[in-house]
$ cat entry_3.txt   # compact mmCIF, C-alpha atoms
# COMPACT_ATOMS: atom_id res chain seq x y z
CA MET A 1 191.12 -35.85 147.82
CA ARG A 2 187.49 -34.95 147.13
CA ILE A 3 187.05 -32.09 144.65
CA LEU A 4 183.80 -30.30 143.86
CA HIS A 5 183.63 -28.64 140.42
CA THR A 6 181.15 -25.88 139.59
CA ALA A 7 181.06 -22.89 137.21
CA ASP A 8 178.95 -20.25 135.47
CA TRP A 9 176.98 -18.97 138.45
CA HIS A 10 176.12 -15.70 136.62
CA PHE A 11 174.98 -13.97 139.79
CA GLY A 12 172.81 -10.98 138.87
CA ARG A 13 171.41 -12.49 135.68
CA GLN A 14 167.71 -12.26 134.87
CA LEU A 15 165.43 -14.25 132.59
CA GLU A 16 163.00 -12.25 130.45
CA GLY A 17 163.28 -9.46 133.02
CA ARG A 18 162.54 -11.78 135.96
CA ASP A 19 164.93 -11.63 138.92
CA ARG A 20 166.60 -14.98 139.75
CA ARG A 21 168.03 -13.88 143.09
CA ILE A 22 165.93 -16.28 145.18
CA GLU A 23 167.11 -19.22 143.07
CA GLN A 24 170.74 -18.11 143.20
CA VAL A 25 170.61 -17.84 146.99
CA ALA A 26 169.02 -21.31 147.16
CA PHE A 27 171.82 -22.68 144.95
CA VAL A 28 174.49 -21.37 147.33
CA ASP A 29 172.70 -23.06 150.24
CA GLU A 30 172.51 -26.33 148.30
CA LEU A 31 176.16 -26.15 147.21
CA CYS A 32 177.41 -25.50 150.74
CA HIS A 33 175.27 -28.37 152.03
CA ILE A 34 176.78 -30.73 149.42
CA ALA A 35 180.32 -29.62 150.30
CA ASP A 36 179.72 -30.28 154.00
CA GLU A 37 177.74 -33.49 153.62
CA ARG A 38 180.21 -35.05 151.18
CA GLU A 39 183.25 -33.83 153.13
CA VAL A 40 184.73 -32.02 150.13
CA ASP A 41 188.39 -31.00 150.42
CA LEU A 42 188.64 -28.57 147.49
CA VAL A 43 186.13 -26.52 145.49
CA LEU A 44 186.96 -25.35 141.95
CA ILE A 45 184.84 -22.48 140.57
CA ALA A 46 185.66 -22.22 136.86
CA GLY A 47 184.64 -18.68 135.97
CA ASP A 48 181.63 -16.44 135.26
CA VAL A 49 180.83 -15.85 138.89
CA TYR A 50 178.93 -12.74 137.82
CA ASP A 51 176.82 -12.04 134.76
CA SER A 52 178.41 -8.68 134.01
CA VAL A 53 181.52 -6.66 134.79
CA ASN A 54 179.40 -4.43 137.04
CA PRO A 55 177.15 -6.78 139.06
CA PRO A 56 174.61 -5.51 141.62
CA ALA A 57 175.81 -5.19 145.20
CA TRP A 58 173.67 -8.11 146.38
CA ALA A 59 175.40 -10.40 143.84
CA GLU A 60 178.82 -9.53 145.28
CA GLU A 61 177.56 -10.09 148.81
CA LEU A 62 176.18 -13.49 147.80
CA PHE A 63 179.49 -14.45 146.18
CA TYR A 64 181.54 -13.56 149.27
CA ASP A 65 179.03 -15.30 151.54
CA ALA A 66 179.41 -18.44 149.39
CA LEU A 67 183.22 -18.29 149.61
CA GLU A 68 183.22 -17.89 153.38
CA ARG A 69 180.84 -20.81 153.88
CA LEU A 70 182.64 -23.07 151.38
CA SER A 71 186.06 -22.42 152.95
CA SER A 72 184.83 -23.80 156.30
CA GLU A 73 187.03 -21.38 158.27
CA GLY A 74 190.09 -22.19 156.18
CA ARG A 75 189.84 -25.97 156.43
CA ARG A 76 188.64 -26.46 152.81
CA GLY A 77 190.45 -25.15 149.74
CA VAL A 78 188.59 -22.90 147.26
CA VAL A 79 189.98 -21.77 143.89
CA VAL A 80 188.11 -19.20 141.77
CA ILE A 81 189.08 -17.99 138.30
CA ALA A 82 187.48 -15.20 136.28
CA GLY A 83 185.43 -15.95 133.17
CA ASN A 84 184.63 -13.84 130.13
CA HIS A 85 181.69 -12.16 131.92
CA ASP A 86 183.75 -11.20 134.97
CA GLN A 87 185.86 -8.14 135.51
CA PRO A 88 189.22 -9.68 136.52
CA GLU A 89 190.07 -6.93 139.00
CA ARG A 90 186.71 -7.34 140.74
CA VAL A 91 187.14 -11.11 141.12
CA ARG A 92 190.63 -10.85 142.63
CA ALA A 93 190.04 -7.67 144.70
CA ALA A 94 189.68 -9.57 147.98
CA ALA A 95 192.65 -11.90 147.36
CA PRO A 96 194.80 -10.62 150.29
CA LEU A 97 191.99 -11.35 152.72
CA ALA A 98 190.79 -14.51 150.98
CA THR A 99 194.22 -16.20 151.07
CA LYS A 100 194.08 -16.25 154.86
CA HIS A 101 191.01 -18.47 154.55
CA GLY A 102 192.48 -20.87 151.99
CA ILE A 103 190.70 -19.14 149.10
CA VAL A 104 192.57 -18.38 145.86
CA LEU A 105 191.10 -15.66 143.60
CA LEU A 106 192.66 -15.22 140.14
CA GLY A 107 191.43 -12.66 137.61
CA LEU A 108 194.00 -12.70 134.79
CA PRO A 109 196.06 -15.55 133.27
CA LYS A 110 199.35 -13.92 134.24
CA GLU A 111 198.48 -13.63 137.94
CA ALA A 112 200.24 -15.65 140.61
CA PRO A 113 198.51 -16.58 143.88
CA LEU A 114 199.52 -15.09 147.19
CA LEU A 115 201.38 -17.57 149.36
CA THR A 116 200.34 -18.47 152.89
CA GLN A 117 202.47 -16.60 155.41
CA GLU A 118 201.62 -18.52 158.57
CA ALA A 119 201.84 -22.32 158.33
CA SER A 120 199.18 -24.30 160.18
CA SER A 121 198.35 -27.99 159.90
CA GLU A 122 194.69 -27.18 160.56
CA ARG A 123 194.25 -24.68 157.72
CA VAL A 124 194.73 -24.67 153.96
CA GLN A 125 198.16 -23.47 152.84
CA ILE A 126 199.34 -22.15 149.48
CA VAL A 127 202.90 -23.46 149.67
CA GLN A 128 204.18 -22.32 146.26
CA GLY A 129 202.97 -20.94 142.95
CA GLY A 130 203.55 -18.65 139.99
CA PRO A 131 201.62 -17.17 137.04
CA SER A 132 198.61 -19.48 136.48
CA TRP A 133 199.63 -22.24 138.89
CA LEU A 134 199.77 -23.07 142.58
CA GLU A 135 200.40 -25.90 145.02
CA MET A 136 197.88 -26.26 147.85
CA LYS A 137 198.20 -28.27 151.06
CA ILE A 138 194.81 -29.24 152.52
CA PRO A 139 194.25 -30.55 156.07
CA GLY A 140 193.48 -34.26 156.16
CA CYS A 141 194.79 -34.95 152.63
CA ALA A 142 197.91 -37.07 152.27
CA ALA A 143 198.82 -35.47 148.94
CA ASN A 144 199.02 -31.83 147.92
CA ALA A 145 197.08 -30.45 144.94
CA VAL A 146 198.95 -28.82 142.07
CA ILE A 147 196.50 -26.67 140.11
CA LEU A 148 197.03 -25.02 136.74
CA ALA A 149 194.50 -22.19 137.04
CA LEU A 150 193.99 -20.28 133.79
CA PRO A 151 191.37 -17.50 133.97
CA TYR A 152 189.64 -16.61 130.69
CA PRO A 153 192.52 -16.20 128.21
CA SER A 154 191.36 -13.70 125.61
CA GLU A 155 193.72 -13.19 122.68
CA SER A 156 195.19 -10.02 124.21
CA ARG A 157 195.55 -11.55 127.69
CA LEU A 158 197.21 -14.64 126.27
CA LYS A 159 199.73 -12.56 124.32
CA GLU A 160 200.55 -10.57 127.44
CA LEU A 161 201.11 -13.77 129.42
CA LEU A 162 203.29 -15.41 126.76
CA SER A 163 205.25 -12.40 125.50
CA GLU A 164 208.28 -12.98 127.73
CA SER A 165 208.53 -16.77 127.52
CA PHE A 166 207.43 -17.53 123.94
CA THR A 167 209.41 -16.94 120.77
CA GLN A 168 207.93 -14.91 117.92
CA GLU A 169 207.27 -18.16 116.02
CA GLN A 170 205.41 -19.63 118.99
CA MET A 171 203.35 -16.45 119.35
CA GLN A 172 202.14 -16.89 115.76
CA LEU A 173 200.70 -20.35 116.40
CA ALA A 174 196.95 -20.84 116.43
CA PHE A 175 195.18 -20.08 119.71
CA SER A 176 194.65 -23.75 120.56
CA GLU A 177 198.32 -24.57 119.98
CA ARG A 178 199.43 -21.71 122.20
CA ILE A 179 197.11 -22.86 125.00
CA ALA A 180 198.46 -26.39 124.61
CA GLN A 181 202.07 -25.17 124.76
CA LEU A 182 201.35 -22.97 127.78
CA LEU A 183 199.70 -25.82 129.70
CA ALA A 184 202.50 -28.20 128.71
CA ASP A 185 205.05 -25.74 130.12
CA LEU A 186 203.03 -25.29 133.32
CA SER A 187 202.55 -29.05 133.74
CA VAL A 188 206.23 -29.41 134.73
CA HIS A 189 204.95 -28.55 138.20
CA PHE A 190 202.87 -31.76 138.27
CA ARG A 191 204.41 -34.55 140.29
CA GLU A 192 203.68 -38.22 140.76
CA ASP A 193 202.94 -37.67 144.45
CA THR A 194 200.43 -34.80 143.88
CA VAL A 195 196.84 -34.48 142.74
CA ASN A 196 197.23 -32.75 139.36
CA LEU A 197 194.40 -30.47 138.26
CA VAL A 198 193.62 -27.95 135.52
CA THR A 199 190.85 -25.34 135.63
CA SER A 200 190.07 -22.79 132.93
CA HIS A 201 187.28 -20.87 131.20
CA LEU A 202 187.43 -21.88 127.54
CA PHE A 203 185.44 -23.04 124.55
CA VAL A 204 186.66 -26.58 123.82
CA MET A 205 186.03 -28.15 120.44
CA GLY A 206 183.15 -30.63 120.55
CA GLY A 207 181.37 -28.88 123.41
CA LYS A 208 177.61 -28.39 123.00
CA GLU A 209 176.40 -24.81 123.33
CA THR A 210 173.10 -23.24 124.40
CA ASP A 211 171.63 -19.81 123.66
CA SER A 212 172.48 -18.54 127.16
CA GLU A 213 176.25 -18.38 126.54
CA ARG A 214 177.58 -15.23 124.98
CA PRO A 215 180.28 -16.41 122.59
CA ILE A 216 183.96 -16.01 123.47
CA GLN A 217 185.18 -17.00 120.04
CA ILE A 218 184.71 -15.49 116.59
CA GLY A 219 184.59 -17.97 113.75
CA GLY A 220 186.19 -20.59 115.97
CA ALA A 221 189.34 -18.49 116.45
CA LEU A 222 189.40 -19.05 120.22
CA THR A 223 188.39 -22.71 120.13
CA VAL A 224 190.67 -25.11 122.00
CA SER A 225 191.26 -28.76 121.08
CA PRO A 226 190.55 -31.40 123.77
CA GLN A 227 194.10 -32.61 123.15
CA ALA A 228 195.46 -29.29 124.45
CA PHE A 229 195.30 -30.47 128.07
CA PRO A 230 198.27 -32.24 129.66
CA LYS A 231 198.06 -36.02 129.59
CA ASN A 232 199.37 -36.21 133.15
CA ALA A 233 196.48 -34.13 134.53
CA ASP A 234 194.07 -36.07 136.71
CA TYR A 235 191.06 -33.81 136.11
CA VAL A 236 190.28 -30.74 133.98
CA ALA A 237 187.49 -28.52 135.38
CA LEU A 238 186.08 -26.17 132.75
CA GLY A 239 183.68 -23.27 132.66
CA HIS A 240 181.81 -21.37 129.90
CA LEU A 241 179.38 -23.90 128.39
CA HIS A 242 176.16 -24.21 130.39
CA ARG A 243 175.42 -27.84 129.57
CA LEU A 244 176.85 -30.60 131.78
CA GLN A 245 179.16 -32.63 129.52
CA LYS A 246 182.30 -34.76 129.39
CA LEU A 247 184.76 -34.19 126.54
CA SER A 248 187.52 -36.67 127.33
CA ASP A 249 188.27 -39.62 129.62
CA LYS A 250 192.08 -39.40 129.85
CA PRO A 251 192.56 -36.88 131.15
CA LEU A 252 189.02 -36.50 132.44
CA VAL A 253 187.81 -33.21 130.91
CA ARG A 254 184.44 -31.85 132.00
CA TYR A 255 182.12 -28.87 131.93
CA SER A 256 180.02 -28.81 135.08
CA GLY A 257 177.53 -26.55 133.33
CA SER A 258 175.64 -23.72 134.98
CA PRO A 259 173.74 -24.47 138.20
CA ILE A 260 170.67 -22.61 136.91
CA SER A 261 169.01 -22.60 133.47
CA TYR A 262 169.48 -19.13 132.00
CA SER A 263 167.74 -19.59 128.62
CA PHE A 264 164.71 -21.49 127.37
CA SER A 265 167.12 -23.28 125.05
CA GLU A 266 168.09 -25.14 128.26
CA ALA A 267 164.52 -26.30 128.93
CA GLY A 268 164.54 -29.91 130.07
CA GLN A 269 168.24 -29.93 131.01
CA SER A 270 169.28 -31.23 134.42
CA LYS A 271 171.69 -29.00 136.33
CA ALA A 272 174.50 -30.44 138.45
CA VAL A 273 177.90 -30.14 140.07
CA VAL A 274 180.69 -32.69 139.64
CA LEU A 275 182.37 -34.51 142.54
CA VAL A 276 185.64 -36.29 141.80
CA GLU A 277 187.88 -38.34 144.08
CA VAL A 278 191.56 -38.35 143.15
CA GLU A 279 194.57 -40.15 144.58
CA PRO A 280 198.02 -39.92 142.97
CA GLY A 281 198.51 -42.76 140.50
CA GLN A 282 194.93 -44.01 140.87
CA GLU A 283 191.91 -43.97 138.53
CA VAL A 284 189.76 -40.87 138.99
CA ARG A 285 186.29 -41.54 140.39
CA GLU A 286 183.53 -39.11 139.47
CA GLU A 287 179.96 -38.57 140.59
CA ILE A 288 177.36 -36.24 139.11
CA ILE A 289 175.29 -34.58 141.84
CA TYR A 290 172.08 -33.15 140.39
CA LEU A 291 170.77 -29.89 141.81
CA THR A 292 167.20 -29.23 142.88
CA SER A 293 167.26 -25.64 144.17
CA ALA A 294 166.56 -23.74 140.94
CA ARG A 295 163.29 -23.65 139.04
CA PRO A 296 163.29 -25.64 135.78
CA LEU A 297 162.31 -24.14 132.42
CA ALA A 298 159.55 -25.52 130.22
CA ARG A 299 158.22 -24.75 126.75
CA TRP A 300 154.49 -25.12 126.07
CA ARG A 301 153.12 -25.26 122.54
CA ALA A 302 149.37 -24.88 122.87
CA THR A 303 148.10 -25.83 119.40
CA GLU A 304 144.50 -26.09 120.66
CA GLY A 305 144.31 -22.52 121.97
CA ILE A 306 143.55 -20.99 125.35
CA GLU A 307 141.37 -23.89 126.50
CA GLN A 308 144.36 -26.21 126.28
CA VAL A 309 146.47 -23.84 128.41
CA GLU A 310 143.75 -23.71 131.06
CA ARG A 311 143.53 -27.50 131.06
CA TRP A 312 147.30 -27.89 131.51
CA LEU A 313 147.25 -25.49 134.44
CA GLU A 314 144.42 -27.39 136.08
CA GLU A 315 146.41 -30.63 135.65
CA GLY A 316 149.45 -29.05 137.33
CA ARG A 317 151.70 -29.57 134.31
CA ASP A 318 155.34 -28.49 134.93
CA ALA A 319 154.45 -27.19 138.38
CA GLY A 320 157.10 -24.82 139.71
CA ALA A 321 158.72 -24.19 136.31
CA TRP A 322 159.15 -20.95 134.40
CA ILE A 323 157.16 -21.32 131.18
CA ASP A 324 157.66 -20.12 127.60
CA LEU A 325 154.17 -20.32 126.06
CA GLU A 326 153.52 -20.54 122.32
CA LEU A 327 149.80 -19.95 121.91
CA HIS A 328 148.18 -20.94 118.62
CA VAL A 329 145.05 -18.97 117.71
CA SER A 330 142.86 -18.90 114.60
CA GLY A 331 142.45 -15.15 114.49
CA VAL A 332 143.06 -11.88 116.28
CA ILE A 333 142.93 -12.12 120.09
CA ASP A 334 141.08 -9.41 121.92
CA PRO A 335 143.61 -7.48 124.08
CA ALA A 336 141.51 -8.11 127.18
CA GLU A 337 141.51 -11.84 126.46
CA PHE A 338 145.28 -11.81 125.97
CA GLN A 339 145.75 -10.07 129.31
CA ARG A 340 143.53 -12.73 130.90
CA VAL A 341 145.90 -15.40 129.55
CA ARG A 342 148.86 -13.58 131.07
CA LYS A 343 147.16 -13.54 134.45
CA LEU A 344 146.39 -17.27 134.39
CA SER A 345 149.83 -17.97 135.88
CA ASP A 346 152.74 -15.97 137.25
CA ASP A 347 154.98 -18.66 135.80
CA PHE A 348 154.51 -17.41 132.23
CA LEU A 349 157.68 -15.49 131.31
CA LYS A 350 157.05 -15.40 127.56
CA ILE A 351 153.81 -15.65 125.58
CA GLN A 352 154.09 -15.78 121.82
CA ARG A 353 150.96 -15.74 119.67
CA VAL A 354 150.95 -17.82 116.50
CA VAL A 355 148.07 -17.13 114.12
CA VAL A 356 146.90 -20.29 112.37
CA ARG A 357 144.51 -19.74 109.47
CA GLU A 358 141.98 -22.23 108.20
CA GLU A 359 142.87 -23.98 104.97
CA ARG A 360 139.77 -22.56 103.27
CA GLU A 361 140.77 -19.02 104.19
CA GLU A 362 144.27 -19.65 102.87
CA GLU A 363 142.88 -20.91 99.57
CA GLU A 364 140.64 -17.85 99.21
CA GLU A 365 143.55 -15.54 99.94
CA GLN A 366 145.69 -17.26 97.36
CA ARG A 367 143.06 -16.46 94.72
CA VAL A 368 143.58 -12.76 95.25
CA GLU A 369 146.28 -11.50 92.97
CA LEU A 370 148.75 -9.34 94.82
CA THR A 371 148.75 -6.87 91.95
CA GLU A 372 145.09 -6.13 92.69
CA LEU A 373 145.89 -4.93 96.24
CA THR A 374 146.96 -1.41 97.14
CA SER A 375 150.12 -0.79 99.11
CA ASP A 376 148.01 -0.09 102.21
CA GLN A 377 146.26 -3.43 101.86
CA LEU A 378 149.52 -5.26 101.38
CA PHE A 379 150.96 -3.60 104.47
CA LYS A 380 147.90 -4.49 106.56
CA ARG A 381 148.05 -8.13 105.40
CA PHE A 382 151.75 -8.35 106.21
CA TYR A 383 151.33 -6.73 109.64
CA GLU A 384 148.42 -8.99 110.58
CA ARG A 385 150.33 -12.12 109.59
CA LYS A 386 153.32 -11.11 111.71
CA ARG A 387 151.57 -9.61 114.74
CA GLY A 388 148.18 -11.31 114.78
CA ALA A 389 146.37 -7.94 114.89
CA GLU A 390 145.47 -5.15 112.48
CA PRO A 391 147.67 -2.03 112.46
CA ASP A 392 146.06 1.13 113.84
CA GLU A 393 145.41 4.18 111.67
CA GLN A 394 148.46 6.03 113.00
CA LEU A 395 150.78 3.21 111.97
CA VAL A 396 149.20 3.00 108.49
CA ALA A 397 149.63 6.76 108.11
CA LEU A 398 153.29 6.46 109.06
CA PHE A 399 153.71 3.71 106.46
CA GLN A 400 152.13 5.92 103.80
CA ARG A 401 154.46 8.81 104.65
CA LEU A 402 157.54 6.59 104.48
CA LEU A 403 156.35 5.17 101.18
CA ALA A 404 155.91 8.66 99.77
CA GLU A 405 159.38 9.71 100.93
CA THR A 406 160.95 6.75 99.17
CA GLY A 407 159.29 7.28 95.79
CA GLY A 408 155.55 7.14 96.19
CA GLU A 409 153.02 4.53 95.16
CA GLY A 410 152.77 3.70 91.48
CA GLU A 411 155.74 5.82 90.29
CA GLU A 412 157.87 4.39 87.53
CA GLU A 413 161.62 4.73 87.24

$ encode --input "entry_3.txt" --output "structure tokens"
Amino acid sequence: MRILHTADWHFGRQLEGRDRRIEQVAFVDELCHIADEREVDLVLIAGDVYDSVNPPAWAEELFYDALERLSSEGRRGVVVIAGNHDQPERVRAAAPLATKHGIVLLGLPKEAPLLTQEASSERVQIVQGGPSWLEMKIPGCAANAVILALPYPSESRLKELLSESFTQEQMQLAFSERIAQLLADLSVHFREDTVNLVTSHLFVMGGKETDSERPIQIGGALTVSPQAFPKNADYVALGHLHRLQKLSDKPLVRYSGSPISYSFSEAGQSKAVVLVEVEPGQEVREEIIYLTSARPLARWRATEGIEQVERWLEEGRDAGAWIDLELHVSGVIDPAEFQRVRKLSDDFLKIQRVVVREEREEEEEQRVELTELTSDQLFKRFYERKRGAEPDEQLVALFQRLLAETGGEGEEE
């Protein structure tokens, strides 16, 4: 059985106010091409389909278009779980229709999949299942897949799922221990003659984060140990962390990462999906398939000023990438000149000015005793250091008024 693992699509997300719709559409095209070309039997989408609980209409249309194309008219299995960004009810809303096409949509940990009503050897069938698990029969595959599918288990959702089956003592265990116990209980559905899979949206200890993930744990409270996953699982497909990474070999535990870079902290990272081949009782074979549809992110640190930026553009450096530019200047930049820099390339998403003073100027400034400067002068010096420009008269007047309201200059207690 060939299984394609992807996660963290975040449809609807922007970068520094820039729409990523074109890249997200291109990703869907690339993913569907991979699934067809590599004759994938099952696609696992491990949460955060959308970037918010109320995504734009086009993002929902793109998601459903992707599901229809991936399902290949019901001949390929597709399993989708909700992540911490998704509204569970929105993810599972189309489940009655999706099941007819071999697509399983689960929003909450306690949900059970709908079973296939009409058996057909040419279409995917959900032959049995319960809360957070299912068994899927896929055309052309000798073995069925048993999947433990655990949508984002927040503390409250986990308690609701476990309240009837766990004792009070078990409910008081740490989050990781409860997840481990839950998965151990669910793993009784694994068999020696099935392909045994786990998919969830979790923060696993040892995983490397980026700035683009909004945390799902506070002080590590919702962190899960890599040992929490059943030893008899063949593959564990995770979502939440945006960096491609492997956390364990047996069982094979992986984050596929996001298909698109959503923060400049991900600059230089390669984006991918994971293809695994699994046969009951055999070693799992995996392949990383790197994606090319999205634009990469790059950080430029122009320590030589505007001339260096112009030279890099002429050389075609990081062509096609979105760019975060840190521009070093020796003094205040004229607003017109700064606007000219912005217009040099549409690829600049962020431009940060860094004022670098000459050593001689620094030495002269250090000779001035701060006690000899008025509050207005101190404010102007501070503002210029932080912003690279002098404050206007209106801002200075506002500072003076605030100063007066809080005690006035030169007053003693």

$ closest_residue --input "entry_3.txt" --among "A:Val356, A:Val124, A:Val25, A:Ala145" --to "A:Glu73" --atoms "all atoms listed in the file"
A:Val124

$ residues_around --input "entry_3.txt" --residues "stretch 189-199 of chain A" --least-positions-apart "3" --cutoff "6 Å" --atoms "all atoms listed in the file" --output "number ranges by chain"
A: 143-149, 233-238, 280

$ closest_atom_pairs --input "entry_3.txt" --of "stretch 23-55 of chain A" --to "stretch 251-261 of chain A" --cutoff "12 Å" --atoms "all atoms listed in the file" --output "tab-separated table"
residue	atom	partner	partner_atom	distance
A:Glu23	CA	A:Ile260	CA	7.9
A:Gln24	CA	A:Ile260	CA	7.7
A:Val25	CA	A:Ile260	CA	11.2
A:Ala26	CA	A:Ile260	CA	10.5
A:Phe27	CA	A:Pro259	CA	7.2
A:Val28	CA	A:Pro259	CA	9.7
A:Glu30	CA	A:Pro259	CA	10.3
A:Leu31	CA	A:Pro259	CA	9.5
A:Leu44	CA	A:Ser256	CA	10.4
A:Ile45	CA	A:Ser256	CA	9.7
A:Ala46	CA	A:Ser256	CA	8.9
A:Gly47	CA	A:Ser258	CA	10.4
A:Asp48	CA	A:Ser258	CA	9.4
A:Val49	CA	A:Ser258	CA	10.2
A:Tyr50	CA	A:Ser258	CA	11.8
A:Asp51	CA	A:Ser258	CA	11.7

$ atom_distance --input "entry_3.txt" --atom1 "atom CA of A:Glu315" --atom2 "atom CA of A:Ser330"
24.4 Å

$ residues_around --input "entry_3.txt" --residues "A:Cys32" --least-positions-apart "6" --cutoff "9 Å" --atoms "all atoms listed in the file" --output "JSON, numbers by chain"
{"A": [66, 69, 70]}

$ residues_near_point --input "entry_3.txt" --point "(188.2, -9.3, 141.4)" --cutoff "10 Å" --atoms "all atoms listed in the file" --output "list in words"
Val53, Val80, Ile81, Ala82, Asp86, Gln87, Pro88, Glu89, Arg90, Val91, Arg92, Ala93, Ala94, Ala95, Leu105, Leu106, Gly107 and Leu108 of chain A

$ residues_around --input "entry_3.txt" --residues "A:Asp347" --least-positions-apart "4" --cutoff "7 Å" --atoms "all atoms listed in the file" --output "JSON, numbers by chain"
{"A": [321, 322, 323]}

$ atom_distance --input "entry_3.txt" --atom1 "atom CA of A:Tyr64" --atom2 "atom CA of A:Ile103"
10.7 Å

$ closest_residue --input "entry_3.txt" --among "A:Arg311, A:Lys246, A:His240, A:Arg342" --to "A:Gly206" --atoms "only C-alpha atoms"
A:Lys246

$ closest_residue --input "entry_3.txt" --among "A:Ala35, A:Arg21, A:Pro131, A:Leu15" --to "A:Leu275" --atoms "all atoms listed in the file"
A:Ala35

$ closest_residue --input "entry_3.txt" --among "A:Ala7, A:Ala98, A:Ala112, A:Ala319" --to "A:Leu244" --atoms "all atoms listed in the file"
A:Ala7

$ closest_residue --input "entry_3.txt" --among "A:Glu326, A:Glu279, A:Asp36, A:Glu177" --to "A:Thr303" --atoms "all atoms listed in the file"
A:Glu326

$ closest_residue --input "entry_3.txt" --among "A:Val204, A:Ile289, A:Ala298, A:Ile22" --to "A:Ala59" --atoms "all atoms listed in the file"
A:Ile22

$ residues_around --input "entry_3.txt" --residues "A:Ile288" --least-positions-apart "3" --cutoff "7 Å" --atoms "only C-alpha atoms" --output "PyMOL selection string"
chain A and resi 272-275

$ residues_around --input "entry_3.txt" --residues "A:Arg2" --least-positions-apart "4" --cutoff "9 Å" --atoms "all atoms listed in the file" --output "list in words"
Arg38, Glu39, Val40, Asp41, Leu42, Val43, Leu275, Val276, Glu277 and Val278 of chain A
